[in-house]
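A.B. asks: My structure file query28.txt, compact mmCIF, C-alpha atoms, is below:
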# COMPACT_ATOMS: atom_id res chain seq x y z
CA MET A 1041 84.75 120.59 102.65
CA ASN A 1042 85.52 119.36 99.13
CA VAL A 1043 88.80 117.49 98.70
CA LEU A 1044 90.31 116.54 95.34
CA MET A 1045 92.48 113.42 95.47
CA ILE A 1046 94.60 112.95 92.33
CA GLY A 1047 95.89 109.50 91.35
CA ASP A 1048 99.56 108.65 90.77
CA ILE A 1049 101.22 111.41 88.70
CA VAL A 1050 103.48 109.74 86.13
CA GLY A 1051 106.33 111.71 84.56
CA ARG A 1052 106.08 114.87 82.51
CA PRO A 1053 102.72 113.94 80.89
CA GLY A 1054 101.16 113.59 84.33
CA ARG A 1055 102.64 116.85 85.53
CA THR A 1056 101.40 118.61 82.40
CA ALA A 1057 97.88 117.31 83.02
CA VAL A 1058 98.02 118.61 86.58
CA ILE A 1059 99.30 122.00 85.46
CA LYS A 1060 96.54 122.37 82.87
CA LEU A 1061 93.63 120.95 84.83
CA VAL A 1062 93.97 121.50 88.59
CA ASN A 1063 92.81 125.12 88.70
CA GLN A 1064 89.92 124.30 86.37
CA LEU A 1065 88.87 121.42 88.66
CA LYS A 1066 89.18 123.59 91.76
CA ILE A 1067 86.70 126.03 90.28
CA GLU A 1068 84.35 123.43 88.79
CA TYR A 1069 84.04 121.37 91.99
CA LYS A 1070 84.59 124.16 94.53
CA ILE A 1071 87.64 122.39 95.88
CA ASP A 1072 89.02 123.41 99.27
CA LEU A 1073 92.13 121.20 99.33
CA VAL A 1074 94.07 119.11 96.80
CA VAL A 1075 96.01 115.93 97.60
CA ALA A 1076 98.04 114.13 94.92
CA ASN A 1077 100.20 111.02 94.82
CA GLY A 1078 103.58 112.04 93.41
CA GLU A 1079 105.72 108.93 93.79
CA ASN A 1080 106.08 108.51 90.00
CA ALA A 1081 106.30 112.21 89.15
CA ALA A 1082 109.99 112.25 88.16
CA GLY A 1083 110.48 110.19 85.02
CA GLY A 1084 108.09 107.54 86.27
CA ASN A 1085 109.98 106.75 89.48
CA GLY A 1086 110.39 108.91 92.56
CA ILE A 1087 110.34 112.67 92.98
CA THR A 1088 112.86 115.52 92.96
CA LYS A 1089 112.82 118.73 94.95
CA GLU A 1090 112.20 120.75 91.80
CA ILE A 1091 109.19 118.64 90.83
CA TYR A 1092 107.84 118.64 94.39
CA GLU A 1093 107.95 122.43 94.42
CA GLU A 1094 106.38 122.56 90.95
CA LEU A 1095 103.40 120.51 92.17
CA LEU A 1096 102.89 122.86 95.11
CA GLU A 1097 103.02 125.89 92.82
CA VAL A 1098 100.13 124.59 90.69
CA GLY A 1099 97.86 124.28 93.70
CA ILE A 1100 98.48 120.88 95.30
CA ASP A 1101 98.38 121.11 99.10
CA VAL A 1102 99.84 117.71 100.02
CA VAL A 1103 101.97 115.32 97.95
CA THR A 1104 101.78 111.69 99.05
CA MET A 1105 104.22 108.95 98.10
CA GLY A 1106 104.53 105.13 98.08
CA ASN A 1107 106.98 102.35 97.32
CA HIS A 1108 109.00 104.54 94.92
CA VAL A 1109 109.61 107.21 97.54
CA TRP A 1110 113.39 106.61 97.66
CA ASP A 1111 114.01 106.06 93.93
CA LYS A 1112 115.53 109.50 93.43
CA LYS A 1113 118.42 109.62 95.91
CA GLU A 1114 118.25 113.39 96.23
CA ILE A 1115 115.06 113.02 98.27
CA MET A 1116 117.25 112.28 101.29
CA SER A 1117 118.51 115.86 101.12
CA PHE A 1118 115.10 117.53 101.33
CA ILE A 1119 112.42 115.15 102.62
CA SER A 1120 112.85 116.12 106.27
CA ALA A 1121 112.24 119.80 105.47
CA ALA A 1122 109.45 119.17 102.93
CA ASP A 1123 106.46 119.96 105.14
CA LYS A 1124 103.88 119.09 102.46
CA LEU A 1125 105.44 115.80 101.37
CA VAL A 1126 104.11 112.68 103.10
CA ARG A 1127 105.75 109.25 102.79
CA PRO A 1128 104.23 105.97 104.06
CA ALA A 1129 103.82 106.21 107.82
CA ASN A 1130 104.54 102.53 108.38
CA TYR A 1131 108.25 102.79 107.62
CA PRO A 1132 110.34 101.99 110.72
CA VAL A 1133 110.90 104.58 113.45
CA GLY A 1134 113.76 106.86 112.47
CA THR A 1135 113.03 106.89 108.73
CA PRO A 1136 113.39 110.44 107.33
CA GLY A 1137 110.23 112.34 106.48
CA GLN A 1138 106.76 112.32 107.95
CA GLY A 1139 103.86 109.91 107.57
CA TYR A 1140 101.02 112.37 107.95
CA LYS A 1141 100.29 116.05 107.66
CA ILE A 1142 97.50 118.37 108.80
CA VAL A 1143 96.70 121.14 106.31
CA THR A 1144 94.37 124.10 106.56
CA ALA A 1145 92.05 125.33 103.81
CA LYS A 1146 91.42 129.01 103.16
CA SER A 1147 88.12 128.56 104.99
CA GLY A 1148 90.01 127.54 108.13
CA GLU A 1149 88.87 123.91 107.90
CA LYS A 1150 91.58 121.37 108.60
CA LEU A 1151 92.32 118.02 106.97
CA GLY A 1152 94.66 115.29 108.17
CA VAL A 1153 96.36 113.38 105.34
CA ILE A 1154 97.91 109.99 106.11
CA ASN A 1155 100.04 107.94 103.71
CA LEU A 1156 100.32 104.18 104.30
CA SER A 1157 101.79 101.32 102.30
CA GLY A 1158 100.23 97.90 101.92
CA ARG A 1159 102.41 94.82 102.44
CA VAL A 1160 101.01 92.22 100.03
CA PHE A 1161 103.40 92.01 97.02
CA LEU A 1162 105.26 95.07 98.39
CA SER A 1163 107.94 95.64 101.03
CA ASN A 1164 107.22 94.07 104.40
CA LEU A 1165 106.91 97.31 106.38
CA GLU A 1166 105.16 97.74 109.72
CA CYS A 1167 101.52 96.63 109.68
CA PRO A 1168 99.38 99.48 108.32
CA PHE A 1169 96.34 98.23 110.24
CA THR A 1170 98.06 98.64 113.60
CA GLN A 1171 100.19 101.68 112.73
CA VAL A 1172 97.21 103.78 111.67
CA ASN A 1173 95.43 103.70 115.04
CA LYS A 1174 97.83 105.99 116.93
CA ILE A 1175 98.01 108.43 114.03
CA VAL A 1176 94.23 108.75 113.75
CA THR A 1177 94.00 109.39 117.50
CA GLU A 1178 96.60 112.15 117.24
CA ILE A 1179 94.93 113.84 114.29
CA LYS A 1180 91.47 113.70 115.86
CA ARG A 1181 92.72 115.90 118.70
CA ILE A 1182 92.86 118.62 116.05
CA THR A 1183 90.32 117.69 113.34
CA PRO A 1184 87.80 114.92 112.54
CA ASN A 1185 88.57 115.25 108.83
CA ILE A 1186 91.06 112.60 107.71
CA LEU A 1187 91.99 111.25 104.27
CA ILE A 1188 94.21 108.19 103.86
CA ASP A 1189 96.21 107.43 100.72
CA PHE A 1190 96.54 103.64 101.02
CA HIS A 1191 99.27 102.73 98.55
CA ALA A 1192 98.84 99.00 97.98
CA GLU A 1193 98.92 96.30 95.32
CA ALA A 1194 96.34 93.73 96.41
CA THR A 1195 92.71 94.73 96.06
CA SER A 1196 91.81 92.45 98.96
CA GLU A 1197 94.17 94.33 101.27
CA LYS A 1198 92.76 97.66 100.14
CA VAL A 1199 89.13 96.60 100.58
CA ALA A 1200 89.87 95.10 104.00
CA PHE A 1201 91.59 98.30 105.08
CA GLY A 1202 88.63 100.37 103.90
CA TRP A 1203 86.25 98.33 106.03
CA TYR A 1204 88.67 98.52 108.97
CA MET A 1205 88.66 102.32 108.81
CA ASP A 1206 84.92 102.78 108.09
CA GLY A 1207 83.52 105.41 110.43
CA ARG A 1208 86.97 106.35 111.75
CA VAL A 1209 88.22 108.51 108.86
CA SER A 1210 86.64 110.58 106.12
CA ALA A 1211 88.15 108.75 103.15
CA VAL A 1212 90.35 105.82 102.17
CA CYS A 1213 91.70 106.33 98.66
CA GLY A 1214 93.72 103.50 97.15
CA THR A 1215 96.70 104.23 94.91
CA HIS A 1216 99.58 102.34 93.25
CA THR A 1217 97.96 100.14 90.57
CA HIS A 1218 97.28 103.08 88.19
CA ILE A 1219 93.89 101.77 87.02
CA GLN A 1220 90.83 103.63 88.30
CA THR A 1221 88.35 101.21 89.84
CA ALA A 1222 84.56 101.40 89.59
CA ASP A 1223 83.77 100.91 93.29
CA ALA A 1224 83.71 104.48 94.63
CA ARG A 1225 81.13 104.55 97.42
CA ILE A 1226 80.31 105.76 100.90
CA LEU A 1227 80.68 102.91 103.39
CA PRO A 1228 77.89 102.42 105.97
CA ASN A 1229 79.55 104.46 108.73
CA GLY A 1230 80.45 107.46 106.59
CA THR A 1231 83.88 106.75 105.07
CA ALA A 1232 84.35 107.44 101.35
CA TYR A 1233 86.18 104.57 99.67
CA ILE A 1234 87.73 103.65 96.32
CA THR A 1235 90.12 100.77 95.67
CA ASP A 1236 92.25 102.80 93.26
CA VAL A 1237 92.00 106.45 92.31
CA GLY A 1238 93.80 105.78 89.02
CA MET A 1239 96.70 107.38 87.18
CA THR A 1240 97.50 110.88 86.02
CA GLY A 1241 99.79 110.43 83.04
CA PRO A 1242 99.99 109.19 79.43
CA ARG A 1243 96.68 107.68 78.38
CA ASP A 1244 97.93 105.43 75.57
CA SER A 1245 100.36 103.44 77.69
CA VAL A 1246 100.69 100.51 80.05
CA LEU A 1247 100.42 102.08 83.50
CA GLY A 1248 102.29 105.12 82.15
CA VAL A 1249 105.06 103.19 80.37
CA LYS A 1250 105.53 102.97 76.58
CA LYS A 1251 103.25 100.10 75.58
CA GLU A 1252 105.71 98.58 73.10
CA LEU A 1253 108.31 98.09 75.83
CA VAL A 1254 105.89 96.37 78.18
CA ILE A 1255 104.48 94.12 75.44
CA ASN A 1256 107.99 93.08 74.47
CA LYS A 1257 108.80 92.35 78.11
CA PHE A 1258 105.80 90.03 78.38
CA ILE A 1259 106.66 88.24 75.14
CA THR A 1260 110.42 87.83 75.57
CA HIS A 1261 110.94 87.93 79.36
CA LEU A 1262 114.13 89.87 78.61
CA PRO A 1263 115.24 92.88 80.66
CA VAL A 1264 114.01 96.21 79.37
CA ARG A 1265 114.43 99.78 80.53
CA PHE A 1266 110.96 101.23 80.97
CA GLU A 1267 110.30 104.74 79.64
CA VAL A 1268 107.35 107.03 80.25
CA ALA A 1269 105.02 107.16 77.23
CA SER A 1270 104.06 110.34 75.38
CA GLY A 1271 100.88 111.47 73.66
CA PRO A 1272 97.48 112.39 75.14
CA ALA A 1273 97.36 112.57 78.92
CA GLN A 1274 94.71 111.79 81.49
CA LEU A 1275 93.96 112.98 84.99
CA ASN A 1276 92.26 110.46 87.27
CA GLY A 1277 91.00 111.41 90.68
CA VAL A 1278 88.07 111.67 93.04
CA VAL A 1279 86.29 114.53 94.75
CA VAL A 1280 85.33 113.69 98.32
CA MET A 1281 82.68 115.85 99.97
CA ILE A 1282 83.09 115.90 103.75
CA ASP A 1283 80.97 117.29 106.56
CA SER A 1284 83.81 119.14 108.28
CA GLN A 1285 81.97 119.17 111.61
CA THR A 1286 81.68 115.39 111.86
CA GLY A 1287 84.38 114.16 109.50
CA LYS A 1288 81.85 111.98 107.69
CA ALA A 1289 81.85 111.87 103.89
CA HIS A 1290 78.53 112.33 102.12
CA ASN A 1291 79.66 111.91 98.51
CA ILE A 1292 82.57 110.66 96.39
CA GLN A 1293 82.72 111.44 92.69
CA ILE A 1294 85.10 109.94 90.14
CA ILE A 1295 87.07 112.38 87.96
CA GLN A 1296 88.38 111.48 84.48
CA LYS A 1297 89.82 114.28 82.34
CA TYR A 1298 91.92 114.16 79.16
CA ILE A 1299 94.22 116.60 77.37
CA GLU A 1300 96.18 116.56 74.13
CA ASN A 1301 99.85 117.22 74.86
Can you turn what I pasted into structure tokens?
C.D. replies:
Amino acid sequence: MNVLMIGDIVGRPGRTAVIKLVNQLKIEYKIDLVVANGENAAGGNGITKEIYEELLEVGIDVVTMGNHVWDKKEIMSFISAADKLVRPANYPVGTPGQGYKIVTAKSGEKLGVINLSGRVFLSNLECPFTQVNKIVTEIKRITPNILIDFHAEATSEKVAFGWYMDGRVSAVCGTHTHIQTADARILPNGTAYITDVGMTGPRDSVLGVKKELVINKFITHLPVRFEVASGPAQLNGVVVMIDSQTGKAHNIQIIQKYIEN
């Protein structure tokens, strides 16, 4: 099974990159399932129902979220019915939405997708290390193939979580920091790992935001309203190749593509 994991989609440039490139990537890498982080898909913060449905239409099978999940208030009206939208599973019991999803490829192979949020420099949610155990047990009753989108700020927390899950899931893919890291590897017990998948959005920006605004913020320390940058766009992601019988990964390949908007 070949799974494409796409890094944080930022605004219209990110969505345009996905629209133009996903089908091409599915053919080039013989992709069975596509997972994408969509927490910044609507104007750089949050997601709307229209954009969620747009991402599904272009071939994404599961949309994961993160700390910006609630930024667009309309999500409360559709998240419970959005069966391919996954928010961090370590929100308290009773939070709308679901923390994991099992999807089926055309081949019949199944993949469990879990979304979790880190706690260092982010909201103090339930511990992802303890919350994940029950979910993995539940998914493994159905399939050994499991991918985790670990949405976290601190690289130490991400690396520790990767080691914690080694041999228990197929892949741990870090998101949130928008910069693709150079540490994609297969851990000793068969889990594919990368600290951050990267960003799908405007290339000539600061994490997707107009660079002039961010530079001015650093210089002046004055409040500024961030806006999504324009110009050439990038798609960052990874392809994880999984033995669907064992759930072990045998390869992880970094993806970097660019388009002129």
A.B. asks: Could you check which of A:Val1237, A:Ala1081, A:Ala1076, A:Asp1189 is closest to Arg1055 in chain A, using all atoms listed in the file?
C.D. replies: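 The closest residue to Arg1055 in chain A is A:Ala1081.
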A.B. asks: Smallest atom-to-atom distance to Leu1247 in chain A: which of A:His1261, A:Lys1070, A:His1216, A:Arg1225, using all atoms listed in the file?
C.D. replies: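 With all atoms listed in the file as the atom set, the closest residue is A:His1216.
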A.B. asks: Per residue of range 1063-1094 of chain A within 12 Å of range 1123-1139 of chain A, note the shortest atom pair and the distance in Å to one decimal, counting only C-alpha atoms, and order the rows by chain and increasing residue number, as a tab-separated table.
C.D. replies:
residue	atom	partner	partner_atom	distance
A:Val1074	CA	A:Lys1124	CA	11.3
A:Val1075	CA	A:Lys1124	CA	9.8
A:Ala1076	CA	A:Leu1125	CA	10.0
A:Asn1077	CA	A:Val1126	CA	9.3
A:Gly1078	CA	A:Leu1125	CA	9.0
A:Glu1079	CA	A:Arg1127	CA	9.0
A:Gly1086	CA	A:Arg1127	CA	11.2
A:Ile1087	CA	A:Leu1125	CA	10.2
A:Thr1088	CA	A:Leu1125	CA	11.2
A:Lys1089	CA	A:Leu1125	CA	10.2
A:Ile1091	CA	A:Leu1125	CA	11.5
A:Tyr1092	CA	A:Leu1125	CA	7.9
A:Glu1093	CA	A:Lys1124	CA	9.6
A.B. asks: Keeping C-alpha atoms for every residue in the selection just given, could you write it to a file as an mmCIF file, in the frame of the given file?
C.D. replies:
data_model
loop_
_atom_site.group_PDB
_atom_site.id
_atom_site.type_symbol
_atom_site.label_atom_id
_atom_site.label_comp_id
_atom_site.auth_asym_id
_atom_site.auth_seq_id
_atom_site.Cartn_x
_atom_site.Cartn_y
_atom_site.Cartn_z
ATOM 1 C CA VAL A 1074 94.070 119.110 96.800
ATOM 2 C CA VAL A 1075 96.010 115.930 97.600
ATOM 3 C CA ALA A 1076 98.040 114.130 94.920
ATOM 4 C CA ASN A 1077 100.200 111.020 94.820
ATOM 5 C CA GLY A 1078 103.580 112.040 93.410
ATOM 6 C CA GLU A 1079 105.720 108.930 93.790
ATOM 7 C CA GLY A 1086 110.390 108.910 92.560
ATOM 8 C CA ILE A 1087 110.340 112.670 92.980
ATOM 9 C CA THR A 1088 112.860 115.520 92.960
ATOM 10 C CA LYS A 1089 112.820 118.730 94.950
ATOM 11 C CA ILE A 1091 109.190 118.640 90.830
ATOM 12 C CA TYR A 1092 107.840 118.640 94.390
ATOM 13 C CA GLU A 1093 107.950 122.430 94.420
#
A.B. asks: Just how far from CA of Glu1068 in chain A is CA of Lys1150 in chain A, in Å to one decimal?
C.D. replies: 21.2 Å
A.B. asks: Report, as lines of an AutoDock Vina configuration file, the centre and edge lengths in Å (one decimal) of the axis-aligned box enclosing every listed atom of range 1072-1082 of chain A, padded by 4 Å on each side.
C.D. replies:
center_x = 99.5
center_y = 116.0
center_z = 93.7
size_x = 29.0
size_y = 22.9
size_z = 19.2
A.B. asks: Under the rule that all atoms listed in the file are counted, which of A:Gly1214, A:Gly1271, A:Gly1207, A:Gly1047 is the nearest residue to Val1249 in chain A?
C.D. replies: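 Once distances to Val1249 in chain A are computed over all atoms listed in the file, the minimum belongs to A:Gly1271.
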A.B. asks: Name all residues at most 9 Å from Ile1142 in chain A (count only C-alpha atoms; drop same-chain ones fewer than 3 positions away) and give them as a list in words.
C.D. replies: Lys1150, Leu1151, Gly1152, Val1153, Ile1154, Ile1179, Ile1182, Thr1183 and Ile1186 of chain A
A.B. asks: Can you measure CA of Cys1213 in chain A to CA of Leu1044 in chain A for me? One decimal in Å is fine.
C.D. replies: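 Value for the CA of Cys1213 in chain A-CA of Leu1044 in chain A distance: 10.8 Å.
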A.B. asks: With distances taken over all atoms listed in the file, which of A:Lys1198, A:Ile1115, A:His1218, A:Gly1106 is nearest to Ser1163 in chain A?
C.D. replies: A:Gly1106
A.B. asks: Write out as a list in words the residues lying within 6 Å of range 1279-1288 of chain A, counting only C-alpha atoms and excluding same-chain residues fewer than 5 positions away.
C.D. replies: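 Once the adjacent positions are removed, what remains is Met1041, Asn1042, Val1043, Leu1044, Pro1184, Asn1185, Ser1210, Gly1230 and Gln1293 of chain A.
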A.B. asks: As a CSV table (one decimal), keeping the file's coordinate frame, please: range 1064-1075 of chain A completed to all heavy atoms.
C.D. replies:
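Just written: result-v8.csv:
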chain,number,residue,atom,x,y,z
A,1064,GLN,N,91.2,124.5,87.0
A,1064,GLN,CA,89.9,124.3,86.4
A,1064,GLN,C,89.0,123.4,87.3
A,1064,GLN,O,87.9,123.7,87.5
A,1064,GLN,CB,90.1,123.7,85.0
A,1064,GLN,CG,88.8,123.2,84.3
A,1064,GLN,CD,89.0,122.4,83.1
A,1064,GLN,OE1,89.9,122.7,82.3
A,1064,GLN,NE2,88.2,121.4,82.8
A,1065,LEU,N,89.6,122.3,87.8
A,1065,LEU,CA,88.9,121.4,88.7
A,1065,LEU,C,88.5,122.1,90.0
A,1065,LEU,O,87.4,121.9,90.5
A,1065,LEU,CB,89.7,120.1,88.9
A,1065,LEU,CG,89.8,119.2,87.7
A,1065,LEU,CD1,90.9,118.1,88.0
A,1065,LEU,CD2,88.5,118.6,87.3
A,1066,LYS,N,89.4,122.9,90.5
A,1066,LYS,CA,89.2,123.6,91.8
A,1066,LYS,C,88.0,124.5,91.6
A,1066,LYS,O,87.2,124.6,92.6
A,1066,LYS,CB,90.4,124.4,92.2
A,1066,LYS,CG,91.6,123.5,92.6
A,1066,LYS,CD,92.8,124.2,92.9
A,1066,LYS,CE,92.9,124.9,94.2
A,1066,LYS,NZ,94.2,125.4,94.6
A,1067,ILE,N,87.8,125.2,90.5
A,1067,ILE,CA,86.7,126.0,90.3
A,1067,ILE,C,85.4,125.2,90.0
A,1067,ILE,O,84.4,125.5,90.6
A,1067,ILE,CB,87.0,127.0,89.1
A,1067,ILE,CG1,88.1,127.9,89.4
A,1067,ILE,CG2,85.7,127.7,88.7
A,1067,ILE,CD1,88.6,128.7,88.2
A,1068,GLU,N,85.5,124.2,89.2
A,1068,GLU,CA,84.4,123.4,88.8
A,1068,GLU,C,83.7,122.7,90.0
A,1068,GLU,O,82.5,122.6,90.1
A,1068,GLU,CB,84.8,122.4,87.7
A,1068,GLU,CG,83.6,121.6,87.2
A,1068,GLU,CD,84.0,120.6,86.1
A,1068,GLU,OE1,85.2,120.7,85.6
A,1068,GLU,OE2,83.2,119.8,85.7
A,1069,TYR,N,84.6,122.2,90.9
A,1069,TYR,CA,84.0,121.4,92.0
A,1069,TYR,C,84.1,122.1,93.3
A,1069,TYR,O,83.9,121.5,94.4
A,1069,TYR,CB,84.8,120.0,92.0
A,1069,TYR,CG,84.5,119.1,90.9
A,1069,TYR,CD1,85.3,119.1,89.7
A,1069,TYR,CD2,83.3,118.3,90.8
A,1069,TYR,CE1,85.1,118.3,88.6
A,1069,TYR,CE2,83.1,117.5,89.7
A,1069,TYR,CZ,83.9,117.5,88.6
A,1069,TYR,OH,83.6,116.7,87.5
A,1070,LYS,N,84.5,123.4,93.3
A,1070,LYS,CA,84.6,124.2,94.5
A,1070,LYS,C,85.5,123.5,95.5
A,1070,LYS,O,85.1,123.2,96.7
A,1070,LYS,CB,83.2,124.4,95.1
A,1070,LYS,CG,82.3,125.2,94.2
A,1070,LYS,CD,80.9,125.4,94.8
A,1070,LYS,CE,80.0,126.2,93.8
A,1070,LYS,NZ,78.6,126.4,94.4
A,1071,ILE,N,86.7,123.2,95.1
A,1071,ILE,CA,87.6,122.4,95.9
A,1071,ILE,C,88.3,123.3,97.0
A,1071,ILE,O,88.7,124.4,96.7
A,1071,ILE,CB,88.7,121.8,95.0
A,1071,ILE,CG1,88.1,120.8,94.0
A,1071,ILE,CG2,89.8,121.1,95.8
A,1071,ILE,CD1,87.4,119.6,94.5
A,1072,ASP,N,88.4,122.7,98.2
A,1072,ASP,CA,89.0,123.4,99.3
A,1072,ASP,C,90.5,123.0,99.4
A,1072,ASP,O,91.3,123.8,99.8
A,1072,ASP,CB,88.3,123.1,100.6
A,1072,ASP,CG,86.9,123.6,100.6
A,1072,ASP,OD1,86.7,124.9,100.5
A,1072,ASP,OD2,85.9,122.8,100.5
A,1073,LEU,N,90.8,121.7,99.2
A,1073,LEU,CA,92.1,121.2,99.3
A,1073,LEU,C,92.4,120.1,98.3
A,1073,LEU,O,91.5,119.4,97.9
A,1073,LEU,CB,92.4,120.6,100.7
A,1073,LEU,CG,92.4,121.6,101.9
A,1073,LEU,CD1,92.2,120.8,103.2
A,1073,LEU,CD2,93.6,122.5,101.9
A,1074,VAL,N,93.7,120.1,97.8
A,1074,VAL,CA,94.1,119.1,96.8
A,1074,VAL,C,95.2,118.2,97.4
A,1074,VAL,O,96.2,118.7,97.9
A,1074,VAL,CB,94.6,119.8,95.5
A,1074,VAL,CG1,94.9,118.8,94.5
A,1074,VAL,CG2,93.5,120.8,95.0
A,1075,VAL,N,95.0,116.9,97.2
A,1075,VAL,CA,96.0,115.9,97.6
A,1075,VAL,C,96.4,115.2,96.3
A,1075,VAL,O,95.5,114.8,95.5
A,1075,VAL,CB,95.5,115.0,98.7
A,1075,VAL,CG1,96.6,113.9,99.1
A,1075,VAL,CG2,95.0,115.7,99.9
